[in-house]
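Undergrad: Structure file upload12.csv (CSV, C-alpha atoms and all ligand atoms) right here:
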```
chain,number,residue,atom,x,y,z
A,150,MET,CA,101.4,111.0,-36.9
A,151,GLU,CA,103.7,114.0,-36.6
A,152,PRO,CA,106.9,113.1,-34.7
A,153,SER,CA,107.2,115.1,-31.5
A,154,LEU,CA,110.3,117.4,-31.8
A,155,SER,CA,112.4,118.9,-29.0
A,156,ALA,CA,112.9,122.6,-28.8
A,157,PRO,CA,114.5,123.9,-32.0
A,158,THR,CA,117.7,126.0,-32.2
A,159,LEU,CA,117.3,129.6,-33.4
A,160,GLN,CA,118.4,128.6,-37.0
A,161,GLN,CA,116.0,125.6,-37.1
A,162,TYR,CA,113.1,127.8,-35.8
A,163,VAL,CA,113.8,130.5,-38.3
A,164,LEU,CA,114.1,128.0,-41.2
A,165,ARG,CA,110.7,126.5,-40.3
A,166,SER,CA,109.0,129.8,-39.8
A,167,VAL,CA,110.3,131.5,-42.9
A,168,ARG,CA,109.7,128.3,-45.0
A,169,GLU,CA,106.1,128.1,-43.9
A,170,ARG,CA,105.5,131.7,-44.8
A,171,MET,CA,107.4,131.2,-48.1
A,172,TYR,CA,105.1,128.3,-49.0
A,173,LYS,CA,102.0,130.4,-48.1
A,174,MET,CA,103.2,133.2,-50.4
A,175,HIS,CA,104.8,131.3,-53.2
A,176,GLY,CA,103.3,127.8,-53.1
A,177,ARG,CA,105.2,124.6,-52.7
A,178,ASN,CA,107.7,125.4,-55.5
A,179,PRO,CA,109.2,128.7,-54.7
A,180,SER,CA,111.7,130.1,-57.1
A,181,LYS,CA,115.4,129.4,-56.6
A,182,GLU,CA,115.9,133.1,-55.8
A,183,VAL,CA,113.3,133.0,-52.9
A,184,GLN,CA,114.9,129.7,-51.6
A,185,SER,CA,118.4,131.2,-51.7
A,186,GLN,CA,117.1,134.3,-49.8
A,187,VAL,CA,116.0,132.0,-46.9
A,188,LEU,CA,119.3,130.2,-46.8
A,189,ASP,CA,121.2,133.5,-46.9
A,190,LEU,CA,119.2,134.7,-44.0
A,191,ILE,CA,120.1,131.6,-42.0
A,192,ALA,CA,123.8,132.1,-42.9
A,193,LEU,CA,123.5,135.7,-41.7
A,194,LEU,CA,121.9,134.6,-38.5
A,195,ASN,CA,124.8,132.1,-37.9
A,196,SER,CA,127.2,135.0,-38.1
A,197,ILE,CA,125.1,137.2,-35.7
A,198,THR,CA,124.8,134.4,-33.1
A,199,LEU,CA,128.5,133.6,-33.4
A,200,ALA,CA,129.2,137.3,-32.6
A,201,VAL,CA,126.8,137.2,-29.7
A,202,LYS,CA,128.5,134.0,-28.3
A,203,LYS,CA,132.0,135.5,-28.7
A,204,VAL,CA,131.0,138.8,-27.0
A,205,GLY,CA,129.2,136.9,-24.2
A,206,LYS,CA,132.3,134.7,-23.6
A,207,GLN,CA,134.6,137.8,-23.5
A,208,ILE,CA,132.3,139.5,-20.9
A,209,ARG,CA,132.4,136.5,-18.7
A,210,GLN,CA,136.2,136.2,-19.0
A,211,VAL,CA,136.8,139.9,-18.3
A,212,GLY,CA,134.4,140.0,-15.4
A,213,LEU,CA,132.9,143.2,-13.9
A,214,PRO,CA,133.4,145.8,-12.6
A,215,ARG,CA,136.5,146.9,-14.6
A,216,PRO,CA,138.3,150.2,-15.0
A,217,ARG,CA,137.0,152.5,-17.8
A,218,ASP,CA,139.9,151.7,-20.3
A,219,GLU,CA,139.2,147.9,-20.0
A,220,LEU,CA,135.5,148.6,-20.6
A,221,ASP,CA,136.5,150.6,-23.7
A,222,SER,CA,138.5,147.6,-25.0
A,223,LEU,CA,135.5,145.3,-24.3
A,224,ASN,CA,133.4,147.7,-26.4
A,225,GLU,CA,136.0,147.7,-29.2
A,226,TYR,CA,136.2,143.9,-29.1
A,227,ALA,CA,132.4,143.7,-29.4
A,228,ASN,CA,132.3,146.0,-32.4
A,229,GLN,CA,135.2,144.3,-34.1
A,230,THR,CA,133.7,140.9,-33.6
A,231,TRP,CA,130.3,141.9,-35.0
A,232,VAL,CA,131.8,143.6,-38.1
A,233,GLU,CA,134.2,140.6,-38.7
A,234,GLU,CA,131.5,137.9,-38.4
A,235,LEU,CA,129.1,139.8,-40.7
A,236,LEU,CA,131.8,140.2,-43.3
A,237,TYR,CA,132.7,136.5,-43.1
A,238,SER,CA,129.0,135.6,-43.6
A,239,GLN,CA,129.3,137.2,-47.1
A,240,LYS,CA,125.5,137.9,-46.8
A,241,SER,CA,125.6,141.6,-46.0
A,242,CYS,CA,126.2,144.7,-48.1
A,243,VAL,CA,126.1,147.6,-45.7
A,244,LEU,CA,126.8,147.6,-41.9
A,245,VAL,CA,126.0,150.3,-39.5
A,246,SER,CA,127.4,150.1,-36.0
A,247,GLU,CA,126.9,152.5,-33.0
A,248,ASP,CA,130.7,152.5,-32.7
A,249,LEU,CA,131.6,153.5,-36.2
A,250,ALA,CA,131.1,157.0,-37.4
A,251,GLU,CA,130.6,155.9,-41.0
A,252,PRO,CA,128.8,152.8,-42.5
A,253,VAL,CA,130.9,149.9,-43.7
A,254,ILE,CA,130.2,149.3,-47.4
A,255,VAL,CA,131.1,145.6,-47.9
A,256,GLN,CA,133.5,145.1,-50.8
A,257,ALA,CA,132.1,143.4,-53.9
A,258,GLU,CA,133.8,139.9,-53.4
A,259,MET,CA,132.3,139.6,-49.9
A,260,GLN,CA,128.9,141.2,-50.6
A,261,GLY,CA,125.4,139.9,-50.0
A,262,THR,CA,122.1,141.7,-50.0
A,263,TYR,CA,121.3,142.4,-46.4
A,264,ALA,CA,121.9,145.7,-44.6
A,265,VAL,CA,122.6,145.1,-40.9
A,266,VAL,CA,122.4,147.7,-38.2
A,267,PHE,CA,123.6,147.1,-34.6
A,268,ASP,CA,124.7,148.4,-31.3
A,269,PRO,CA,127.3,145.7,-30.4
A,270,LEU,CA,127.4,146.5,-26.7
A,271,THR,CA,125.0,148.7,-24.9
A,272,GLY,CA,124.5,149.5,-21.2
A,273,LEU,CA,128.3,150.2,-20.9
A,274,ALA,CA,127.8,153.4,-19.0
A,275,ASP,CA,130.1,154.2,-16.1
A,276,PRO,CA,129.8,152.1,-14.0
A,277,PRO,CA,128.4,149.5,-16.5
A,278,ALA,CA,124.9,148.2,-16.0
A,279,PRO,CA,124.7,144.6,-14.7
A,280,ASP,CA,122.9,143.5,-17.8
A,281,MET,CA,124.7,144.7,-20.9
A,282,GLY,CA,123.4,143.7,-24.3
A,283,SER,CA,123.4,144.0,-28.1
A,284,ILE,CA,120.6,145.2,-30.4
A,285,PHE,CA,120.4,144.6,-34.1
A,286,GLY,CA,118.2,144.9,-37.1
A,287,ILE,CA,118.2,143.3,-40.6
A,288,PHE,CA,116.9,145.1,-43.7
A,289,HIS,CA,116.9,144.0,-47.4
A,290,GLN,CA,119.2,146.3,-49.4
A,291,MET,CA,117.0,149.2,-50.4
A,292,GLY,CA,118.3,149.6,-54.0
A,293,THR,CA,119.7,147.1,-56.4
A,294,GLY,CA,122.9,148.8,-57.5
A,295,THR,CA,126.2,149.3,-55.7
A,296,PRO,CA,125.5,149.3,-52.0
A,297,CYS,CA,125.6,152.8,-50.3
A,298,VAL,CA,124.4,154.5,-47.2
A,299,THR,CA,120.9,155.1,-48.5
A,300,ASP,CA,120.4,151.3,-48.6
A,301,VAL,CA,120.2,151.4,-44.9
A,302,LEU,CA,118.3,154.6,-44.2
A,303,GLN,CA,114.9,152.9,-43.8
A,304,PRO,CA,112.1,153.0,-41.2
A,305,ALA,CA,112.0,150.1,-38.8
A,306,SER,CA,108.7,149.0,-40.4
A,307,ASN,CA,110.9,147.7,-43.2
A,308,LEU,CA,112.9,145.4,-41.0
A,309,ILE,CA,112.8,141.7,-41.9
A,310,GLY,CA,114.3,140.6,-38.7
A,311,ALA,CA,115.6,142.1,-35.4
A,312,GLY,CA,116.7,141.0,-32.0
A,313,TYR,CA,118.4,141.9,-28.8
A,314,CYS,CA,120.4,139.9,-26.4
A,315,LEU,CA,121.2,140.1,-22.7
A,316,TYR,CA,124.6,139.0,-21.4
A,317,SER,CA,123.5,138.1,-17.9
A,318,SER,CA,123.8,135.0,-15.8
A,319,CYS,CA,122.8,133.3,-19.0
A,320,THR,CA,122.7,134.7,-22.5
A,321,THR,CA,119.2,135.4,-23.7
A,322,LEU,CA,118.3,136.3,-27.3
A,323,MET,CA,114.9,137.8,-28.1
A,324,PHE,CA,114.4,137.5,-31.8
A,325,SER,CA,111.8,137.9,-34.5
A,326,VAL,CA,111.5,137.5,-38.3
A,327,GLY,CA,108.1,139.2,-38.2
A,328,ASP,CA,106.2,136.2,-36.9
A,329,GLY,CA,106.0,137.3,-33.2
A,330,LEU,CA,108.7,137.7,-30.6
A,331,HIS,CA,110.5,134.6,-29.4
A,332,GLN,CA,113.0,133.9,-26.6
A,333,PHE,CA,116.1,131.8,-27.1
A,334,THR,CA,118.5,130.9,-24.4
A,335,LEU,CA,122.2,129.9,-24.9
A,336,ASP,CA,122.6,126.3,-23.9
A,337,SER,CA,126.3,126.4,-22.8
A,338,ALA,CA,126.8,122.6,-23.2
A,339,MET,CA,125.8,122.7,-26.9
A,340,ASN,CA,126.8,126.3,-27.5
A,341,GLU,CA,123.5,126.8,-29.3
A,342,PHE,CA,120.5,129.2,-28.8
A,343,ILE,CA,117.5,127.0,-28.0
A,344,LEU,CA,113.9,128.2,-28.2
A,345,THR,CA,112.7,128.7,-24.6
A,346,ARG,CA,109.5,130.7,-25.2
A,347,SER,CA,107.6,131.4,-28.4
A,348,ASN,CA,105.2,134.2,-29.1
A,349,VAL,CA,106.0,136.4,-26.1
A,350,LYS,CA,103.1,138.8,-25.6
A,351,MET,CA,103.4,142.0,-23.6
A,352,PRO,CA,100.8,142.6,-21.0
A,353,PHE,CA,98.2,145.2,-22.1
A,354,HIS,CA,99.2,147.3,-19.1
A,355,GLY,CA,101.9,147.1,-16.4
A,356,THR,CA,102.9,148.4,-13.0
A,357,THR,CA,106.5,149.5,-13.8
A,358,TYR,CA,107.9,152.6,-15.4
A,359,SER,CA,111.5,153.0,-16.3
A,360,VAL,CA,113.0,156.4,-16.8
A,361,ASN,CA,116.1,158.4,-15.6
A,362,GLU,CA,114.2,160.8,-13.3
A,363,GLY,CA,117.5,162.5,-12.4
A,364,TYR,CA,117.0,164.6,-15.6
A,365,SER,CA,113.5,165.8,-14.8
A,366,ALA,CA,114.5,169.4,-14.8
A,367,GLN,CA,115.7,169.0,-18.4
A,368,TYR,CA,112.5,167.2,-19.6
A,369,ASP,CA,109.7,169.1,-21.4
A,370,ALA,CA,106.3,169.7,-19.7
A,371,GLU,CA,104.7,166.7,-21.4
A,372,THR,CA,107.4,164.2,-20.2
A,373,ARG,CA,107.1,165.6,-16.7
A,374,GLU,CA,103.3,165.1,-16.9
A,375,VAL,CA,103.8,161.5,-18.1
A,376,ILE,CA,106.1,160.8,-15.1
A,377,GLN,CA,103.7,162.5,-12.7
A,378,ASN,CA,100.9,160.3,-14.1
A,379,MET,CA,103.0,157.1,-13.7
A,380,LYS,CA,103.6,158.1,-10.1
A,381,THR,CA,100.2,159.2,-9.0
A,382,GLU,CA,97.7,157.2,-11.2
A,383,PRO,CA,97.3,153.5,-10.6
A,384,ALA,CA,97.8,151.1,-13.5
A,385,LEU,CA,94.7,149.6,-15.1
A,386,ASN,CA,94.6,146.8,-12.6
A,387,GLY,CA,94.4,149.3,-9.8
A,388,VAL,CA,98.0,148.7,-8.6
A,389,GLN,CA,100.3,151.7,-7.9
A,390,ARG,CA,103.2,151.8,-10.3
A,391,THR,CA,106.8,151.5,-9.2
A,392,CYS,CA,110.0,152.8,-10.9
A,393,ARG,CA,112.8,150.5,-12.0
A,394,TYR,CA,115.7,151.9,-13.9
A,395,ILE,CA,118.9,149.9,-14.7
A,396,GLY,CA,120.4,152.3,-17.2
A,397,SER,CA,120.8,149.6,-19.9
A,398,MET,CA,118.2,149.9,-22.7
A,399,VAL,CA,118.0,146.2,-23.4
A,400,ALA,CA,117.7,145.3,-19.7
A,401,ASP,CA,115.1,148.0,-19.0
A,402,CYS,CA,113.1,147.2,-22.1
A,403,HIS,CA,113.3,143.4,-21.5
A,404,ARG,CA,111.6,143.9,-18.1
A,405,ILE,CA,108.9,146.0,-19.7
A,406,ILE,CA,108.3,143.5,-22.5
A,407,MET,CA,108.0,140.6,-20.1
A,408,LYS,CA,106.0,142.4,-17.3
A,409,GLY,CA,104.4,145.3,-19.0
A,410,GLY,CA,104.7,149.1,-18.3
A,411,LEU,CA,106.6,151.9,-19.8
A,412,TYR,CA,110.3,152.5,-20.8
A,413,ALA,CA,111.2,156.1,-21.6
A,414,TYR,CA,114.3,157.9,-22.8
A,415,PRO,CA,112.7,161.4,-23.5
A,416,ALA,CA,114.1,164.5,-25.1
A,417,ARG,CA,116.1,166.8,-22.8
A,418,THR,CA,117.1,170.5,-23.2
A,419,ASP,CA,120.7,169.3,-23.8
A,420,LEU,CA,119.6,166.4,-26.0
A,421,PRO,CA,116.5,167.6,-28.0
A,422,ASN,CA,116.0,164.2,-29.6
A,423,GLY,CA,116.9,162.2,-26.6
A,424,LYS,CA,119.8,159.7,-26.4
A,425,CYS,CA,118.5,156.6,-28.2
A,426,LYS,CA,119.7,156.1,-31.8
A,427,LEU,CA,116.8,155.5,-34.2
A,428,LEU,CA,118.5,153.1,-36.7
A,429,TYR,CA,120.0,150.5,-34.4
A,430,GLU,CA,118.5,151.1,-30.9
A,431,ALA,CA,115.0,152.6,-30.9
A,432,GLY,CA,113.9,151.3,-34.3
A,433,PRO,CA,114.6,147.6,-33.8
A,434,MET,CA,113.4,147.7,-30.2
A,435,ALA,CA,110.1,149.4,-31.4
A,436,TRP,CA,109.7,146.8,-34.1
A,437,LEU,CA,110.3,143.9,-31.6
A,438,VAL,CA,107.9,145.5,-29.1
A,439,ALA,CA,105.2,145.7,-31.8
A,440,GLN,CA,105.8,142.0,-32.5
A,441,ALA,CA,104.9,141.4,-28.9
A,442,GLY,CA,101.7,143.5,-29.1
A,443,GLY,CA,103.2,146.7,-27.5
A,444,HIS,CA,103.8,150.2,-28.9
A,445,ALA,CA,106.6,152.7,-29.2
A,446,THR,CA,106.3,156.4,-29.9
A,447,THR,CA,108.2,159.7,-29.7
A,448,GLY,CA,105.2,161.0,-27.9
A,449,ARG,CA,103.8,162.3,-31.2
A,450,ASN,CA,104.8,159.7,-33.9
A,451,PRO,CA,105.1,156.0,-34.0
A,452,ILE,CA,108.8,155.2,-34.0
A,453,ILE,CA,108.6,152.4,-36.5
A,454,ASP,CA,107.4,154.8,-39.2
A,455,ILE,CA,110.2,157.3,-38.9
A,456,CYS,CA,112.9,157.2,-41.6
A,457,PRO,CA,116.3,158.3,-40.2
A,458,ASP,CA,118.0,161.1,-42.1
A,459,ASN,CA,121.4,160.0,-41.0
A,460,ILE,CA,122.8,156.7,-39.6
A,461,HIS,CA,123.2,158.1,-36.0
A,462,ALA,CA,120.0,160.1,-35.8
A,463,ARG,CA,118.3,160.0,-32.4
A,464,VAL,CA,114.6,160.0,-31.2
A,465,PRO,CA,112.8,160.4,-27.9
A,466,VAL,CA,111.4,157.1,-26.9
A,467,PHE,CA,108.2,156.1,-25.0
A,468,LEU,CA,107.8,152.3,-25.4
A,469,GLY,CA,105.8,149.7,-23.7
A,470,SER,CA,102.3,148.3,-23.0
A,471,ALA,CA,99.4,149.6,-25.0
A,472,ASP,CA,97.7,151.4,-22.1
A,473,GLU,CA,100.9,153.2,-20.8
A,474,VAL,CA,101.8,154.3,-24.3
A,475,ALA,CA,98.3,155.6,-24.9
A,476,ILE,CA,98.7,157.7,-21.8
A,477,CYS,CA,102.0,159.2,-23.3
A,478,THR,CA,100.5,159.9,-26.7
A,479,GLY,CA,97.4,161.4,-25.0
A,480,ILE,CA,99.5,163.8,-23.0
A,481,TYR,CA,101.7,164.7,-26.0
A,482,THR,CA,98.9,165.1,-28.5
A,483,LYS,CA,96.0,166.0,-26.2
A,484,ASN,CA,93.8,163.8,-28.3
A,485,ALA,CA,90.4,162.4,-27.3
A,486,TRP,CA,91.8,158.9,-26.7
A,487,GLY,CA,94.6,159.9,-24.4
A,488,ASN,CA,93.8,163.3,-23.0
A,489,LEU,CA,93.5,162.7,-19.4
A,490,ASN,CA,90.4,164.9,-19.1
A,491,THR,CA,88.4,163.2,-21.8
A,492,ASP,CA,90.2,159.8,-22.2
A,493,PRO,CA,87.7,157.0,-21.5
A,494,MET,CA,90.4,155.1,-19.6
A,495,SER,CA,90.9,158.1,-17.4
A,496,ALA,CA,87.2,158.5,-17.0
A,497,LEU,CA,87.0,154.9,-16.1
A,498,ARG,CA,89.7,155.5,-13.4
A,499,ARG,CA,87.8,158.4,-12.0
A,500,LYS,CA,84.3,156.9,-12.1
A,501,ARG,CA,85.0,153.5,-10.7
A,502,SER,CA,86.6,152.6,-7.5
A,503,ILE,CA,89.8,150.5,-7.9
A,504,GLY,CA,88.1,147.5,-6.3
A,505,GLU,CA,85.1,147.6,-8.7
A,506,LYS,CA,87.4,148.1,-11.6
A,507,SER,CA,89.7,145.2,-10.8
A,508,ALA,CA,86.7,142.9,-10.3
A,509,ALA,CA,85.2,144.0,-13.6
A,510,LEU,CA,88.5,143.5,-15.4
A,511,LYS,CA,88.9,140.0,-13.9
A,512,LYS,CA,85.5,138.9,-15.0
A,513,GLY,CA,85.6,140.8,-18.3
A,514,VAL,CA,82.0,141.8,-17.6
A,515,LYS,CA,80.3,144.9,-19.0
A,516,THR,CA,78.8,147.3,-16.5
A,517,ASP,CA,76.1,150.0,-17.1
A,518,GLU,CA,78.9,152.5,-17.4
A,519,ASP,CA,80.5,150.4,-20.1
A,520,GLU,CA,77.2,150.3,-22.0
A,521,ASP,CA,77.5,154.1,-22.2
A,522,ASP,CA,80.9,153.9,-23.8
A,523,GLY,CA,81.8,151.7,-26.7
A,524,ILE,CA,85.5,152.3,-26.3
A,525,ILE,CA,85.5,151.2,-22.7
A,526,CYS,CA,83.7,148.0,-23.7
A,527,PHE,CA,86.2,147.4,-26.4
A,528,HIS,CA,89.1,148.0,-24.1
A,529,LEU,CA,87.7,145.5,-21.5
A,530,GLY,CA,87.0,143.0,-24.3
A,531,VAL,CA,90.7,143.2,-25.3
A,532,LEU,CA,91.8,142.6,-21.8
A,533,ALA,CA,89.4,139.7,-21.2
A,534,SER,CA,90.4,137.9,-24.4
A,601,LIG,O1,121.8,154.7,-25.3
A,601,LIG,C1,122.8,154.1,-24.5
A,601,LIG,C2,122.4,153.7,-23.1
A,601,LIG,O2,123.5,153.1,-22.5
A,601,LIG,C3,121.2,152.9,-23.0
A,601,LIG,O3,121.4,151.5,-23.1
A,601,LIG,C4,120.6,153.3,-21.6
A,601,LIG,O4,119.2,153.1,-21.5
A,601,LIG,C5,121.0,154.7,-21.5
A,601,LIG,O5,122.2,154.9,-22.4
A,601,LIG,C6,121.4,155.2,-20.2
A,601,LIG,O6,121.6,156.6,-20.2
A,601,LIG,P1,121.5,157.5,-18.9
A,601,LIG,O7,122.7,157.1,-18.1
A,601,LIG,O8,121.6,158.9,-19.4
A,601,LIG,O9,120.2,157.2,-18.1
```
Can the structure in the file be given as structure tokens, please?
Ligand code: F6P

TA:
Amino acid sequence: MEPSLSAPTLQQYVLRSVRERMYKMHGRNPSKEVQSQVLDLIALLNSITLAVKKVGKQIRQVGLPRPRDELDSLNEYANQTWVEELLYSQKSCVLVSEDLAEPVIVQAEMQGTYAVVFDPLTGLADPPAPDMGSIFGIFHQMGTGTPCVTDVLQPASNLIGAGYCLYSSCTTLMFSVGDGLHQFTLDSAMNEFILTRSNVKMPFHGTTYSVNEGYSAQYDAETREVIQNMKTEPALNGVQRTCRYIGSMVADCHRIIMKGGLYAYPARTDLPNGKCKLLYEAGPMAWLVAQAGGHATTGRNPIIDICPDNIHARVPVFLGSADEVAICTGIYTKNAWGNLNTDPMSALRRKRSIGEKSAALKKGVKTDEDEDDGIICFHLGVLAS
């Protein structure tokens, strides 16, 4: 009989998950090289979680709100801590931080093979958001030679691991090594991240949208149409959507991941590619959302497929539940799926009263209308499953 085990720590969970996949791919006797890659990844994660713990501790000590210069020192501390811990791990080769203009190329004697990208402290606007966080992504070094910046210029679809954490009343770390999205919570007595929820799945649709509407005059017509749609069209369950915006990407996206809906940081006339950085904000978040069954797009292209042309490149972001993101891409590309005039979901909204629709969704039953439209049946099937 298998012994029953208590919730694993992050490192124990990753070791088990990566080992299982390694056995599937390489059999019970993987090469020494493959085995050492797994151990290297665990060592790298140790350094990342240590950085997260140190930054969380510092935020609690400093307390909020604080004057701007103290917030700047907090940011500097976070950046310095992440860089230092990653160097000490001796498992990284290139580091890219939101707070450093240039990448850090790790010197030969401390080098490993992972390229790590991160925003050490986000949500530090003035005044700071109540839920600040960090975002990070891990790539294999692209080339095999001396590490250089091109080793890190990869689309998020190449990530082998990513996560974000929230420094709130407790420190939460959402993490994936490509096996779904999992939630870990810092147990302060043990000072360890413990698995508190595995395989987090985003709802197929949601009733919250999260965008800074104050910039509406600077958004393009499509973004304004998306916002108008979120305000005037009910969500798929018939409930009117509501707006929630904290102004911290990790906190706003976390709510959308857990509850469903849409997060957007669109392009503006003064920021034609929006504000979110592709390599260490939008890319890892898009990859994590995909792990949870959601989607992320610029409006026209999936974010995880875009290769950054420089380390601080930006992209417009629409990220969230499948249904809300389909509405965005429909508006941007005017395609048959999402165009509000021909989109089957939109047709469904128009044709059926909200009550009938909710009842059908709850039961997962087909109606005569659904028989007419294979896509609608498929859609309901997904929801019912
Ligand atoms: O990109 C940095 C960031 O702090 C995000 O975490 C957040 O979503 C956004 O900026 C807030 O920007 P704004 O104040 O323009 O809405």

Undergrad: Counting only C-alpha atoms and all ligand atoms, figure out which residue out of A:Gln367, A:Gln290, A:Gln210, A:Ser347 gets nearest to ligand LIG 601 (chain A).

TA: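 For ligand LIG 601 (chain A), the nearest of the candidates is A:Gln367.
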
Undergrad: Please provide as a list of chain:residue names all residues within 9 Å of range 414-417 of chain A, with the sequence filter that same-chain residues fewer than 3 positions apart are discarded (counting all atoms listed in the file).

TA: A:Ser359, A:Val360, A:Asn361, A:Tyr364, A:Ser365, A:Ala366, A:Gln367, A:Tyr368, A:Asp369, A:Thr372, A:Met398, A:Leu420, A:Pro421, A:Asn422, A:Gly423, A:Lys424, A:Cys425, A:Thr447, A:Gly448, A:Val464, A:Pro465, A:Val466, A:Phe467, A:Leu468

Undergrad: Which chain A residues have any atom within 10 Å of an atom of ligand LIG 601 (chain A), and for each, what is the nearest pair of atoms with distance in Å to one decimal, counting only C-alpha atoms and all ligand atoms, rows sorted by chain and number, as a tab-separated table?

TA:
```
residue	atom	partner	partner_atom	distance
A:Glu247	CA	A:LIG601	O1	9.5
A:Asp268	CA	A:LIG601	C1	9.1
A:Leu270	CA	A:LIG601	O3	8.6
A:Thr271	CA	A:LIG601	O3	4.9
A:Gly272	CA	A:LIG601	O2	4.0
A:Leu273	CA	A:LIG601	O2	5.8
A:Ala274	CA	A:LIG601	O2	5.6
A:Asp275	CA	A:LIG601	O7	8.2
A:Pro276	CA	A:LIG601	O7	9.6
A:Pro277	CA	A:LIG601	O2	8.5
A:Ala278	CA	A:LIG601	O2	8.3
A:Asp280	CA	A:LIG601	O3	9.7
A:Met281	CA	A:LIG601	O3	7.9
A:Gly282	CA	A:LIG601	O3	8.1
A:Ser283	CA	A:LIG601	O3	9.2
A:Ile284	CA	A:LIG601	O3	9.7
A:Ser359	CA	A:LIG601	O4	9.3
A:Val360	CA	A:LIG601	O9	7.4
A:Asn361	CA	A:LIG601	O9	4.9
A:Glu362	CA	A:LIG601	O9	8.5
A:Gly363	CA	A:LIG601	O9	8.2
A:Tyr364	CA	A:LIG601	O8	8.3
A:Tyr394	CA	A:LIG601	O9	8.1
A:Ile395	CA	A:LIG601	O4	7.5
A:Gly396	CA	A:LIG601	C6	4.3
A:Ser397	CA	A:LIG601	O3	3.8
A:Met398	CA	A:LIG601	O4	3.6
A:Val399	CA	A:LIG601	O3	6.3
A:Ala400	CA	A:LIG601	O3	8.0
A:Asp401	CA	A:LIG601	O4	7.0
A:Cys402	CA	A:LIG601	O4	8.5
A:Tyr412	CA	A:LIG601	O4	8.9
A:Ala413	CA	A:LIG601	O4	8.5
A:Tyr414	CA	A:LIG601	O4	7.0
A:Gly423	CA	A:LIG601	O1	9.1
A:Lys424	CA	A:LIG601	O1	5.5
A:Cys425	CA	A:LIG601	O1	4.8
A:Lys426	CA	A:LIG601	O1	7.0
A:Glu430	CA	A:LIG601	O1	7.4
A:Ala431	CA	A:LIG601	O1	9.1
A:Arg463	CA	A:LIG601	O1	9.5
```

Undergrad: Which residue out of A:Gly469, A:Pro269, A:Gly310, A:Gly409 has the minimum interatomic distance to Phe288 in chain A when only C-alpha atoms are used?

TA: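 The answer is A:Gly310, which sits nearest to Phe288 in chain A.
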
Undergrad: Please, what distance in Å, to one decimal, runs between CA of Val266 in chain A and CA of Pro304 in chain A?

TA: 12.0 Å

Undergrad: Can you tell me how far CA of Thr295 in chain A sits from CA of Val265 in chain A, in Å to one decimal?

TA: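 The value is 15.8 Å.
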
Undergrad: May I ask which of the residues A:Ala370, A:Ala445, A:Ile376, A:Ile208 is the closest one to Leu220 in chain A, counting only C-alpha atoms?

TA: A:Ile208

Undergrad: Need the shell around Ala384 in chain A: protein/DNA/RNA residues with any atom at most 9 Å away, counting all atoms listed in the file. Skip same-chain ones fewer than 5 positions apart. Format as a JSON list (two decimals) with C-alpha atoms, keeping the file's coordinate frame?

TA:
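Produced file selection-v4.json, reproduced below:
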```json
[["chain", "number", "residue", "atom", "x", "y", "z"],
["A", 354, "HIS", "CA", 99.20, 147.30, -19.10],
["A", 355, "GLY", "CA", 101.90, 147.10, -16.40],
["A", 356, "THR", "CA", 102.90, 148.40, -13.00],
["A", 357, "THR", "CA", 106.50, 149.50, -13.80],
["A", 379, "MET", "CA", 103.00, 157.10, -13.70],
["A", 389, "GLN", "CA", 100.30, 151.70, -7.90],
["A", 390, "ARG", "CA", 103.20, 151.80, -10.30],
["A", 410, "GLY", "CA", 104.70, 149.10, -18.30],
["A", 472, "ASP", "CA", 97.70, 151.40, -22.10],
["A", 473, "GLU", "CA", 100.90, 153.20, -20.80]]
```

Undergrad: What does the distance between CA of Ser196 in chain A and CA of Gly442 in chain A come to in Å, to one decimal place?

TA: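 CA of Gly442 in chain A lies at a distance of 28.3 Å from CA of Ser196 in chain A.
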
Undergrad: In the coordinates of the file, take the point (100.7, 161.6, -29.7) and a cut-off of 8 Å; then, counting all atoms listed in the file, name each qualifying protein, DNA or RNA residue as a list in words.

TA: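 The residues near that point, listed by chain and number, are Thr446, Thr447, Gly448, Arg449, Asn450, Cys477, Thr478, Gly479, Ile480, Tyr481, Thr482, Lys483 and Asn484 of chain A.
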
Undergrad: For each of A:Val201, A:Gly176, A:Phe342, A:Ser241, take the minimum atom-to-atom distance to Gln229 in chain A, counting only C-alpha atoms, then give the residue where this is smallest.

TA: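 With only C-alpha atoms as the atom set, the closest residue is A:Val201.
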
Undergrad: Kindly indicate which residue among A:Trp436, A:Tyr316, A:Phe285, A:Phe324 lies nearest to Lys206 in chain A, using all atoms listed in the file for the distances.

TA: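 Nearest to Lys206 in chain A: A:Tyr316.
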
Undergrad: Given all atoms listed in the file as the basis, pick out the residue of A:Ile287, A:Arg209, A:Pro252, A:Arg215 nearest to Lys240 in chain A.

TA: A:Ile287

Undergrad: Can you pull out the residues contacting Asn340 in chain A? Cut-off 12 Å, using all atoms listed in the file, and skip same-chain residues under 4 positions away; I want them as a PyMOL selection string.

TA: chain A and resi 158-159+198-199+201-203+205-206+319-320+334-336

Undergrad: Ile197 in chain A: which residues within 9 Å, counting all atoms listed in the file, same-chain residues fewer than 5 positions away excluded, as JSON, numbers by chain?

TA: {"A": [192, 202, 231, 234, 235, 238, 285]}

Undergrad: Would you mind listing what lies within 10 Å of Gly286 in chain A as a PyMOL selection string, with all atoms listed in the file counted and same-chain residues fewer than 6 positions away left out?

TA: chain A and resi 245+264-268+305+307-313+324-325+428-430+432-434+436-437
